[in-house]
$ cat structure_19.cif   # mmCIF, C-alpha atoms
data_query
#
loop_
_atom_site.group_PDB
_atom_site.id
_atom_site.type_symbol
_atom_site.label_atom_id
_atom_site.label_comp_id
_atom_site.auth_asym_id
_atom_site.auth_seq_id
_atom_site.Cartn_x
_atom_site.Cartn_y
_atom_site.Cartn_z
ATOM 1 C CA MET J 26 11.054 -82.386 41.328
ATOM 2 C CA ALA J 27 8.899 -80.704 38.687
ATOM 3 C CA ASP J 28 10.216 -80.115 35.176
ATOM 4 C CA SER J 29 11.030 -76.671 33.853
ATOM 5 C CA MET J 30 7.643 -76.433 32.059
ATOM 6 C CA SER J 31 5.914 -76.483 35.436
ATOM 7 C CA LEU J 32 7.666 -73.233 36.244
ATOM 8 C CA LYS J 33 5.968 -71.353 33.384
ATOM 9 C CA TRP J 34 3.543 -69.915 35.931
ATOM 10 C CA LEU J 35 6.542 -68.073 37.367
ATOM 11 C CA LEU J 36 6.948 -66.245 34.050
ATOM 12 C CA TRP J 37 3.212 -65.571 33.984
ATOM 13 C CA ILE J 38 3.317 -64.027 37.465
ATOM 14 C CA SER J 39 6.445 -62.008 36.721
ATOM 15 C CA LEU J 40 4.501 -60.427 33.835
ATOM 16 C CA TYR J 41 2.081 -59.027 36.394
ATOM 17 C CA LEU J 42 4.934 -57.859 38.605
ATOM 18 C CA ILE J 43 6.690 -56.135 35.716
ATOM 19 C CA LEU J 44 3.640 -54.622 33.995
ATOM 20 C CA GLY J 45 1.645 -53.915 37.160
ATOM 21 C CA ILE J 46 4.334 -52.571 39.502
ATOM 22 C CA PHE J 47 7.685 -52.005 37.831
ATOM 23 C CA VAL J 48 6.430 -50.282 34.633
ATOM 24 C CA PRO J 49 4.243 -47.694 36.458
ATOM 25 C CA TRP J 50 7.150 -46.940 38.807
ATOM 26 C CA ALA J 51 9.618 -46.628 35.879
ATOM 27 C CA THR J 52 7.100 -44.417 34.043
ATOM 28 C CA SER J 53 6.932 -42.033 37.010
ATOM 29 C CA ILE J 54 10.744 -41.819 37.055
ATOM 30 C CA ALA J 55 10.781 -41.211 33.272
ATOM 31 C CA TRP J 56 8.124 -38.493 33.622
ATOM 32 C CA ALA J 57 10.175 -36.755 36.336
ATOM 33 C CA HIS J 58 13.283 -36.921 34.147
ATOM 34 C CA GLN J 59 11.412 -35.528 31.137
ATOM 35 C CA HIS J 60 9.986 -32.614 33.149
ATOM 36 C CA ASN J 61 13.213 -31.895 35.027
ATOM 37 C CA SER J 62 11.461 -32.643 38.291
ATOM 38 C CA ASN J 63 13.096 -33.779 41.514
ATOM 39 C CA LEU J 64 10.301 -36.293 41.966
ATOM 40 C CA ARG J 65 11.728 -39.743 42.817
ATOM 41 C CA PRO J 66 8.780 -41.735 44.118
ATOM 42 C CA ARG J 67 9.368 -45.106 45.720
ATOM 43 C CA PRO J 68 6.864 -47.896 44.944
ATOM 44 C CA LYS J 69 5.400 -47.393 48.429
ATOM 45 C CA GLN J 70 4.647 -43.722 47.673
ATOM 46 C CA LEU J 71 3.259 -44.584 44.247
ATOM 47 C CA PHE J 72 0.827 -47.179 45.605
ATOM 48 C CA GLU J 73 0.075 -45.644 49.016
ATOM 49 C CA ARG J 74 -3.605 -45.110 48.210
ATOM 50 C CA GLY J 75 -4.250 -48.853 47.954
ATOM 51 C CA GLU J 76 -3.709 -49.239 44.192
ATOM 52 C CA LEU J 77 -1.974 -52.588 44.784
ATOM 53 C CA GLY J 78 -5.383 -53.913 45.838
ATOM 54 C CA LEU J 79 -6.716 -53.034 42.393
ATOM 55 C CA ILE J 80 -3.817 -54.920 40.762
ATOM 56 C CA GLY J 81 -4.668 -57.888 43.011
ATOM 57 C CA LEU J 82 -8.285 -57.768 41.854
ATOM 58 C CA VAL J 83 -7.255 -57.746 38.183
ATOM 59 C CA LEU J 84 -4.917 -60.702 38.782
ATOM 60 C CA GLY J 85 -7.716 -62.548 40.578
ATOM 61 C CA ILE J 86 -10.090 -62.035 37.633
ATOM 62 C CA SER J 87 -7.617 -63.560 35.168
ATOM 63 C CA VAL J 88 -7.099 -66.627 37.381
ATOM 64 C CA ILE J 89 -10.863 -67.043 37.853
ATOM 65 C CA TRP J 90 -11.173 -67.093 34.069
ATOM 66 C CA ASP J 91 -8.426 -69.766 33.763
ATOM 67 C CA LEU J 92 -10.108 -71.809 36.491
ATOM 68 C CA LEU J 93 -13.492 -71.666 34.785
ATOM 69 C CA GLN J 94 -11.918 -72.891 31.528
ATOM 70 C CA SER J 95 -10.300 -75.880 33.267
ATOM 71 C CA GLN J 96 -11.558 -79.470 33.403
ATOM 72 C CA TYR J 97 -11.890 -79.546 37.186
ATOM 73 C CA MET J 98 -15.266 -80.648 38.496
ATOM 74 C CA PRO J 99 -17.883 -77.847 38.856
ATOM 75 C CA GLN J 100 -17.640 -77.952 42.685
ATOM 76 C CA THR J 101 -13.889 -77.325 42.620
ATOM 77 C CA ARG J 102 -14.181 -74.575 40.014
ATOM 78 C CA ALA J 103 -16.942 -72.847 41.977
ATOM 79 C CA LEU J 104 -15.025 -73.035 45.255
ATOM 80 C CA GLY J 105 -11.812 -71.673 43.752
ATOM 81 C CA ALA J 106 -13.612 -68.929 41.833
ATOM 82 C CA VAL J 107 -15.583 -67.781 44.894
ATOM 83 C CA LEU J 108 -12.487 -67.697 47.119
ATOM 84 C CA LEU J 109 -10.489 -65.762 44.526
ATOM 85 C CA ALA J 110 -13.400 -63.395 43.906
ATOM 86 C CA VAL J 111 -13.846 -62.672 47.625
ATOM 87 C CA SER J 112 -10.135 -62.106 48.282
ATOM 88 C CA GLY J 113 -9.811 -60.003 45.092
ATOM 89 C CA THR J 114 -12.837 -57.925 46.071
ATOM 90 C CA MET J 115 -11.447 -57.339 49.564
ATOM 91 C CA ALA J 116 -8.128 -56.269 48.012
ATOM 92 C CA GLY J 117 -9.933 -53.872 45.653
ATOM 93 C CA ALA J 118 -12.006 -52.575 48.572
ATOM 94 C CA VAL J 119 -8.864 -51.139 50.193
ATOM 95 C CA TRP J 120 -8.403 -48.864 47.188
ATOM 96 C CA ILE J 121 -12.114 -47.914 47.175
ATOM 97 C CA GLU J 122 -12.137 -47.200 50.929
ATOM 98 C CA THR J 123 -9.031 -45.042 50.659
ATOM 99 C CA TYR J 124 -10.574 -43.091 47.765
ATOM 100 C CA CYS J 125 -13.849 -42.590 49.670
ATOM 101 C CA ARG J 126 -12.069 -41.481 52.836
ATOM 102 C CA GLU J 127 -9.897 -39.043 50.903
ATOM 103 C CA SER J 128 -12.825 -37.627 48.921
ATOM 104 C CA ASN J 129 -14.982 -37.274 52.029
ATOM 105 C CA GLY J 130 -12.293 -35.725 54.191
ATOM 106 C CA VAL J 131 -12.515 -38.602 56.683
ATOM 107 C CA ARG J 132 -9.318 -39.387 58.618
ATOM 108 C CA LEU J 133 -6.983 -41.311 56.317
ATOM 109 C CA ASN J 134 -3.961 -43.358 57.312
ATOM 110 C CA PRO J 135 -1.783 -43.901 54.182
ATOM 111 C CA GLU J 136 0.496 -46.268 56.107
ATOM 112 C CA ARG J 137 -2.440 -48.542 56.881
ATOM 113 C CA ALA J 138 -3.816 -48.324 53.326
ATOM 114 C CA TRP J 139 -0.387 -49.289 51.964
ATOM 115 C CA ARG J 140 0.001 -52.183 54.430
ATOM 116 C CA ASP J 141 -3.524 -53.551 53.844
ATOM 117 C CA SER J 142 -3.322 -53.316 50.057
ATOM 118 C CA ARG J 143 0.168 -54.859 50.004
ATOM 119 C CA ASN J 144 -0.846 -57.797 52.229
ATOM 120 C CA LEU J 145 -4.084 -58.470 50.363
ATOM 121 C CA ALA J 146 -2.368 -58.145 46.971
ATOM 122 C CA PHE J 147 0.239 -60.681 48.124
ATOM 123 C CA LEU J 148 -2.599 -62.940 49.276
ATOM 124 C CA VAL J 149 -4.253 -62.880 45.828
ATOM 125 C CA PHE J 150 -0.842 -63.224 44.229
ATOM 126 C CA SER J 151 0.142 -66.342 46.206
ATOM 127 C CA MET J 152 -3.300 -67.916 45.763
ATOM 128 C CA ALA J 153 -3.077 -67.233 42.037
ATOM 129 C CA ALA J 154 0.358 -68.883 41.890
ATOM 130 C CA VAL J 155 -0.797 -72.057 43.675
ATOM 131 C CA ILE J 156 -3.986 -72.299 41.616
ATOM 132 C CA GLU J 157 -1.973 -71.911 38.406
ATOM 133 C CA ILE J 158 0.346 -74.739 39.556
ATOM 134 C CA LEU J 159 -2.699 -76.911 40.305
ATOM 135 C CA LEU J 160 -4.229 -76.056 36.914
ATOM 136 C CA ASP J 161 -0.966 -76.957 35.219
ATOM 137 C CA ARG J 162 -0.863 -80.326 36.993
ATOM 138 C CA PHE J 163 -4.502 -81.033 36.158
ATOM 139 C CA ALA J 164 -4.002 -80.130 32.481
ATOM 140 C CA LYS J 165 -1.177 -82.713 32.288
ATOM 141 C CA VAL J 166 -3.346 -85.376 33.938
ATOM 142 C CA ALA J 167 -6.287 -84.619 31.647
ATOM 143 C CA ALA J 168 -4.058 -84.702 28.562
ATOM 144 C CA SER J 169 -2.430 -88.054 29.399
ATOM 145 C CA MET X 4 -8.462 -35.855 90.342
ATOM 146 C CA SER X 5 -6.907 -38.578 88.221
ATOM 147 C CA ALA X 6 -8.982 -41.278 86.497
ATOM 148 C CA PRO X 7 -9.517 -44.342 88.668
ATOM 149 C CA ALA X 8 -7.721 -47.517 87.617
ATOM 150 C CA PRO X 9 -10.900 -49.660 87.086
ATOM 151 C CA ALA X 10 -12.233 -47.083 84.637
ATOM 152 C CA LEU X 11 -9.015 -47.256 82.677
ATOM 153 C CA ALA X 12 -9.149 -51.042 82.688
ATOM 154 C CA GLU X 13 -12.723 -50.949 81.367
ATOM 155 C CA ALA X 14 -11.660 -48.606 78.626
ATOM 156 C CA ARG X 15 -9.152 -51.200 77.379
ATOM 157 C CA ARG X 16 -9.819 -51.871 73.706
ATOM 158 C CA THR X 17 -11.202 -55.085 72.228
ATOM 159 C CA VAL X 18 -9.365 -56.773 69.361
ATOM 160 C CA THR X 19 -10.160 -55.200 65.991
ATOM 161 C CA VAL X 20 -9.317 -57.721 63.320
ATOM 162 C CA ARG X 21 -8.041 -56.571 59.934
ATOM 163 C CA LEU X 22 -8.077 -58.886 56.919
ATOM 164 C CA ALA X 23 -4.506 -57.863 56.148
ATOM 165 C CA ASP X 24 -3.388 -59.789 59.257
ATOM 166 C CA ALA X 25 -5.045 -62.995 58.081
ATOM 167 C CA ALA X 26 -3.848 -62.347 54.523
ATOM 168 C CA ILE X 27 -0.195 -62.570 55.450
ATOM 169 C CA ALA X 28 -0.730 -65.961 57.171
ATOM 170 C CA ILE X 29 -2.522 -67.323 54.087
ATOM 171 C CA THR X 30 0.267 -65.981 51.871
ATOM 172 C CA TYR X 31 2.864 -67.950 53.851
ATOM 173 C CA LEU X 32 0.642 -71.041 53.790
ATOM 174 C CA SER X 33 0.237 -70.692 49.995
ATOM 175 C CA LEU X 34 3.975 -70.267 49.501
ATOM 176 C CA VAL X 35 4.689 -73.424 51.531
ATOM 177 C CA PHE X 36 1.974 -75.362 49.676
ATOM 178 C CA GLY X 37 3.274 -74.126 46.296
ATOM 179 C CA PHE X 38 6.862 -74.960 47.253
ATOM 180 C CA LEU X 39 5.878 -78.522 48.222
ATOM 181 C CA LEU X 40 3.870 -78.929 45.013
ATOM 182 C CA VAL X 41 6.769 -77.803 42.837
ATOM 183 C CA PHE X 42 9.637 -79.581 44.588
ATOM 184 C CA PHE X 43 7.835 -82.738 45.818
ATOM 185 C CA PRO X 44 5.077 -83.122 43.203
ATOM 186 C CA ILE X 45 4.549 -86.854 43.669
ATOM 187 C CA SER X 46 5.305 -87.553 47.332
ATOM 188 C CA PHE X 47 3.383 -84.515 48.655
ATOM 189 C CA ALA X 48 0.313 -85.356 46.562
ATOM 190 C CA GLN X 49 0.591 -88.983 47.691
ATOM 191 C CA ILE X 50 0.607 -88.021 51.371
ATOM 192 C CA ILE X 51 -2.571 -85.943 50.953
ATOM 193 C CA GLN X 52 -4.345 -88.631 48.919
ATOM 194 C CA ASN X 53 -3.467 -91.343 51.442
ATOM 195 C CA SER X 54 -4.677 -89.112 54.248
ATOM 196 C CA TRP X 55 -8.021 -88.645 52.458
ATOM 197 C CA MET X 56 -8.392 -92.372 51.831
ATOM 198 C CA LYS X 57 -7.794 -93.112 55.523
ATOM 199 C CA GLY X 58 -10.360 -90.435 56.462
ATOM 200 C CA ASN X 59 -7.866 -88.215 58.271
ATOM 201 C CA LEU X 60 -7.775 -85.302 55.851
ATOM 202 C CA THR X 61 -10.804 -83.393 57.194
ATOM 203 C CA VAL X 62 -9.617 -83.730 60.799
ATOM 204 C CA ALA X 63 -6.103 -82.617 59.827
ATOM 205 C CA MET X 64 -7.532 -79.588 58.016
ATOM 206 C CA MET X 65 -9.640 -78.692 61.059
ATOM 207 C CA VAL X 66 -6.628 -78.925 63.367
ATOM 208 C CA ILE X 67 -4.387 -76.877 61.042
ATOM 209 C CA THR X 68 -6.922 -74.111 60.388
ATOM 210 C CA LEU X 69 -8.040 -73.890 64.040
ATOM 211 C CA SER X 70 -4.424 -73.663 65.216
ATOM 212 C CA ILE X 71 -3.488 -70.996 62.670
ATOM 213 C CA ASP X 72 -6.655 -68.974 63.414
ATOM 214 C CA ALA X 73 -6.067 -69.129 67.170
ATOM 215 C CA CYS X 74 -2.372 -68.203 66.888
ATOM 216 C CA LEU X 75 -3.200 -65.342 64.547
ATOM 217 C CA TYR X 76 -5.908 -63.965 66.822
ATOM 218 C CA VAL X 77 -3.759 -64.200 69.944
ATOM 219 C CA ARG X 78 -0.896 -62.503 68.086
ATOM 220 C CA ILE X 79 -3.181 -59.620 67.009
ATOM 221 C CA ALA X 80 -4.546 -59.292 70.564
ATOM 222 C CA TYR X 81 -1.012 -59.258 71.988
ATOM 223 C CA ARG X 82 0.200 -56.699 69.450
ATOM 224 C CA LEU X 83 -2.741 -54.365 70.097
ATOM 225 C CA SER X 84 -2.707 -55.050 73.863
ATOM 226 C CA ALA X 85 -6.437 -55.628 73.550
ATOM 227 C CA ASN X 86 -9.054 -57.940 75.043
ATOM 228 C CA PRO X 87 -10.315 -60.965 73.065
ATOM 229 C CA THR X 88 -14.103 -61.047 72.647
ATOM 230 C CA VAL X 89 -16.710 -63.809 72.845
ATOM 231 C CA LEU X 90 -17.830 -63.001 69.290
ATOM 232 C CA ALA X 91 -14.324 -63.682 67.988
ATOM 233 C CA ALA X 92 -13.991 -66.897 69.969
ATOM 234 C CA LEU X 93 -17.321 -68.108 68.557
ATOM 235 C CA CYS X 94 -16.363 -67.215 64.983
ATOM 236 C CA LEU X 95 -12.850 -68.611 65.108
ATOM 237 C CA GLY X 96 -13.898 -71.712 67.028
ATOM 238 C CA SER X 97 -16.835 -72.757 64.890
ATOM 239 C CA LEU X 98 -16.286 -71.502 61.341
ATOM 240 C CA PRO X 99 -13.103 -73.492 60.527
ATOM 241 C CA ILE X 100 -14.921 -76.690 61.590
ATOM 242 C CA ILE X 101 -18.018 -75.803 59.558
ATOM 243 C CA VAL X 102 -15.848 -74.946 56.529
ATOM 244 C CA ALA X 103 -13.811 -78.180 56.763
ATOM 245 C CA VAL X 104 -16.925 -80.355 57.119
ATOM 246 C CA GLY X 105 -18.732 -78.503 54.317
ATOM 247 C CA LEU X 106 -15.772 -78.863 51.993
ATOM 248 C CA SER X 107 -15.424 -82.569 52.737
ATOM 249 C CA PHE X 108 -19.006 -83.013 51.463
ATOM 250 C CA CYS X 109 -18.132 -80.840 48.474
ATOM 251 C CA LEU X 110 -15.064 -82.991 47.747
ATOM 252 C CA GLN X 111 -17.111 -86.153 48.056
ATOM 253 C CA GLY X 112 -19.541 -84.671 45.527
ATOM 254 C CA ALA X 113 -16.684 -83.840 43.152
ATOM 255 C CA VAL X 114 -15.250 -87.373 43.459
ATOM 256 C CA ASP X 115 -18.671 -88.956 42.825
ATOM 257 C CA TYR X 116 -19.141 -86.661 39.816
ATOM 258 C CA THR X 117 -15.725 -87.689 38.458
ATOM 259 C CA LEU X 118 -16.462 -91.392 38.951
ATOM 260 C CA SER X 119 -19.857 -91.099 37.260
ATOM 261 C CA GLY X 120 -18.314 -89.597 34.115
ATOM 262 C CA ASP X 121 -16.688 -91.705 31.419
ATOM 263 C CA LEU X 122 -13.313 -89.982 31.761
ATOM 264 C CA PRO X 123 -9.800 -91.303 31.128
ATOM 265 C CA ASN X 124 -7.174 -91.443 33.902
ATOM 266 C CA LEU X 125 -9.778 -91.436 36.696
ATOM 267 C CA GLN X 126 -7.419 -92.176 39.604
ATOM 268 C CA ALA X 127 -5.084 -89.279 38.775
ATOM 269 C CA ARG X 128 -8.017 -86.908 38.238
ATOM 270 C CA ILE X 129 -9.430 -87.749 41.664
ATOM 271 C CA GLY X 130 -5.981 -87.209 43.183
ATOM 272 C CA GLU X 131 -5.811 -83.748 41.646
ATOM 273 C CA GLU X 132 -9.325 -82.909 42.878
ATOM 274 C CA ILE X 133 -8.303 -83.913 46.415
ATOM 275 C CA LEU X 134 -5.170 -81.779 46.176
ATOM 276 C CA ALA X 135 -7.113 -78.720 44.981
ATOM 277 C CA HIS X 136 -9.800 -79.145 47.648
ATOM 278 C CA THR X 137 -7.167 -79.466 50.364
ATOM 279 C CA TYR X 138 -5.525 -76.194 49.373
ATOM 280 C CA LEU X 139 -8.808 -74.328 48.908
ATOM 281 C CA GLY X 140 -10.122 -75.757 52.186
ATOM 282 C CA LEU X 141 -7.083 -74.532 54.101
ATOM 283 C CA VAL X 142 -7.404 -71.055 52.590
ATOM 284 C CA ALA X 143 -11.158 -70.935 53.241
ATOM 285 C CA GLY X 144 -10.683 -72.181 56.822
ATOM 286 C CA ILE X 145 -8.416 -69.258 57.633
ATOM 287 C CA PHE X 146 -9.855 -66.508 55.438
ATOM 288 C CA LEU X 147 -13.603 -66.959 55.926
ATOM 289 C CA PRO X 148 -13.656 -66.808 59.774
ATOM 290 C CA PHE X 149 -11.609 -63.606 59.725
ATOM 291 C CA LEU X 150 -13.789 -62.171 56.949
ATOM 292 C CA ALA X 151 -16.937 -62.974 58.956
ATOM 293 C CA LEU X 152 -15.381 -61.487 62.079
ATOM 294 C CA ARG X 153 -14.371 -58.328 60.230
ATOM 295 C CA LEU X 154 -17.848 -57.850 58.745
ATOM 296 C CA LEU X 155 -19.514 -58.489 62.131
ATOM 297 C CA GLN X 156 -17.222 -55.971 63.803
ATOM 298 C CA GLN X 157 -18.052 -53.385 61.137
ATOM 299 C CA LEU X 158 -21.781 -54.014 61.590
ATOM 300 C CA LYS X 159 -21.411 -53.667 65.346
ATOM 301 C CA ALA X 160 -19.426 -50.441 64.983
ATOM 302 C CA ALA X 161 -21.992 -48.990 62.558
ATOM 303 C CA LYS X 162 -24.809 -49.898 64.956
ATOM 304 C CA SER X 163 -23.102 -48.288 67.939
ATOM 305 C CA ASN X 164 -22.370 -45.187 65.828
ATOM 306 C CA ARG X 165 -26.065 -44.909 64.945
ATOM 307 C CA GLU X 166 -27.021 -45.346 68.598
ATOM 308 C CA THR X 167 -24.661 -42.599 69.718
ATOM 309 C CA GLU X 168 -25.849 -40.280 66.938
ATOM 310 C CA SER X 169 -29.616 -40.773 67.421
ATOM 311 C CA PRO X 170 -29.893 -39.412 71.037
ATOM 312 C CA SER X 171 -27.988 -36.295 70.033
ATOM 313 C CA ARG X 172 -30.349 -35.817 67.060
ATOM 314 C CA LYS X 173 -33.364 -36.245 69.372
ATOM 315 C CA THR X 174 -32.026 -33.724 71.865
ATOM 316 C CA ALA X 175 -30.887 -31.240 69.209
ATOM 317 C CA PRO X 176 -34.294 -29.470 68.658
ATOM 318 C CA ALA X 177 -34.801 -29.193 72.408
ATOM 319 C CA THR X 178 -31.510 -27.458 72.959
ATOM 320 C CA SER X 179 -31.755 -25.095 69.985
#

$ encode --input "structure_19.cif" --output "structure tokens"
Amino acid sequence: MADSMSLKWLLWISLYLILGIFVPWATSIAWAHQHNSNLRPRPKQLFERGELGLIGLVLGISVIWDLLQSQYMPQTRALGAVLLAVSGTMAGAVWIETYCRESNGVRLNPERAWRDSRNLAFLVFSMAAVIEILLDRFAKVAAS
Amino acid sequence: MSAPAPALAEARRTVTVRLADAAIAITYLSLVFGFLLVFFPISFAQIIQNSWMKGNLTVAMMVITLSIDACLYVRIAYRLSANPTVLAALCLGSLPIIVAVGLSFCLQGAVDYTLSGDLPNLQARIGEEILAHTYLGLVAGIFLPFLALRLLQQLKAAKSNRETESPSRKTAPATS
């Protein structure tokens, strides 16, 4: 079994969860409290326009940067970076498509936008976690 | 007069693939891979490295990605009660094989590059390269065929939209 240092990526990912999802949600609750509003949005309502896809894209960019700084061979770095970039872009595209549909008055399905952005954000999230574990392992091998 | 049954059958939808469906399968695959890496860091890596040395890794990746792609597509078709298409069968049947073969060449290149360099701990480095390529290959083998299918379906839909719009534009001056 891996040592506790290998689990540092868990802390790194929880930073994204806290700052990317929990803090905006808590801020909306705080705003409602400050303005004596009955507004009590759930995370689903807060991110129903595909904003989770944007968070996924930002997460993907940071992992691409880590990957490019690593000592993996250029082929591996390129493959990982391209895959993360494509999945991050597709996650971000959900947010863009929802914005365009809303602005243009084209039929919009918030349920679908929420589902797509959530699934694609989880995809980037899980890929980022595995790649960070692999980077951690490789850094130990390169250092020894 | 009610619509005849054959007409209704013809109007049955074809499967429209959404990347979100493939994304959830890759998420589960990543979670399993990550779990094995964290809890069985040596034995799991050893199994993959031995498989590569025996030449079975590429075939195993093909089988895994083809099976997941097929199951996923059939599940989507069943859920939407829609007809599978030839385009989808072509994409999902050929792309995982192309991706697995392409990545095996890529991995061979990475291993040769590692061996040519004067680097310490060569054996462990190669093992880590194999591990990374296996994970990225599995993800690419599932994600890329569905991405290609999605883009092709969008192109096809845009083309048919243009075709349905252009006759009405041509006839518009005549009717006005």

$ resolve_selection --input "structure_19.cif" --expression "the PyMOL selection byres ((chain X) within 7 of (chain J))" --output "list in words"
Ala23, Ala26, Ile27, Ile29, Thr30, Ser33, Leu34, Gly37, Val41, Phe42, Phe43, Pro44, Cys109, Ala113, Ala127, Arg128, Glu131, Ala135, His136 and Leu139 of chain X

$ atom_distance --input "structure_19.cif" --atom1 "atom CA of J:Gly75" --atom2 "atom CA of X:Leu22"
14.0 Å

$ resolve_selection --input "structure_19.cif" --expression "the PyMOL selection byres ((chain J and resi 133-136) around 10)" --output "MDAnalysis selection string"
chainID J and resid 69:70 72:75 122:127 129:132 137:141

$ resolve_selection --input "structure_19.cif" --expression "the PyMOL selection byres ((chain X and resi 66-76) around 8)" --output "number ranges by chain"
X: 20, 24-25, 28, 62-65, 77-80, 95-96, 99-100, 141, 144-145

$ closest_residue --input "structure_19.cif" --among "X:Ala103, X:Leu90, X:Leu60, X:Leu125" --to "X:Lys159" --atoms "only C-alpha atoms"
X:Leu90

$ atom_distance --input "structure_19.cif" --atom1 "atom CA of J:Tyr41" --atom2 "atom CA of J:Ile80"
8.4 Å

$ decode --input "structure_19.cif" --residues "stretch 40-53 of chain J" --atoms "C-alpha atoms" --output "tab-separated table (two decimals), in the first residue's frame"
chain	number	residue	atom	x	y	z
J	40	LEU	CA	-8.63	22.34	-2.82
J	41	TYR	CA	-10.39	22.46	-6.17
J	42	LEU	CA	-13.55	21.00	-4.68
J	43	ILE	CA	-13.57	23.50	-1.82
J	44	LEU	CA	-12.53	26.62	-3.77
J	45	GLY	CA	-14.33	25.73	-7.01
J	46	ILE	CA	-17.64	24.36	-5.73
J	47	PHE	CA	-18.13	24.77	-2.00
J	48	VAL	CA	-16.94	28.41	-1.67
J	49	PRO	CA	-19.16	29.77	-4.51
J	50	TRP	CA	-22.14	27.91	-3.02
J	51	ALA	CA	-21.37	29.21	0.51
J	52	THR	CA	-20.94	32.73	-0.93
J	53	SER	CA	-24.41	32.59	-2.49
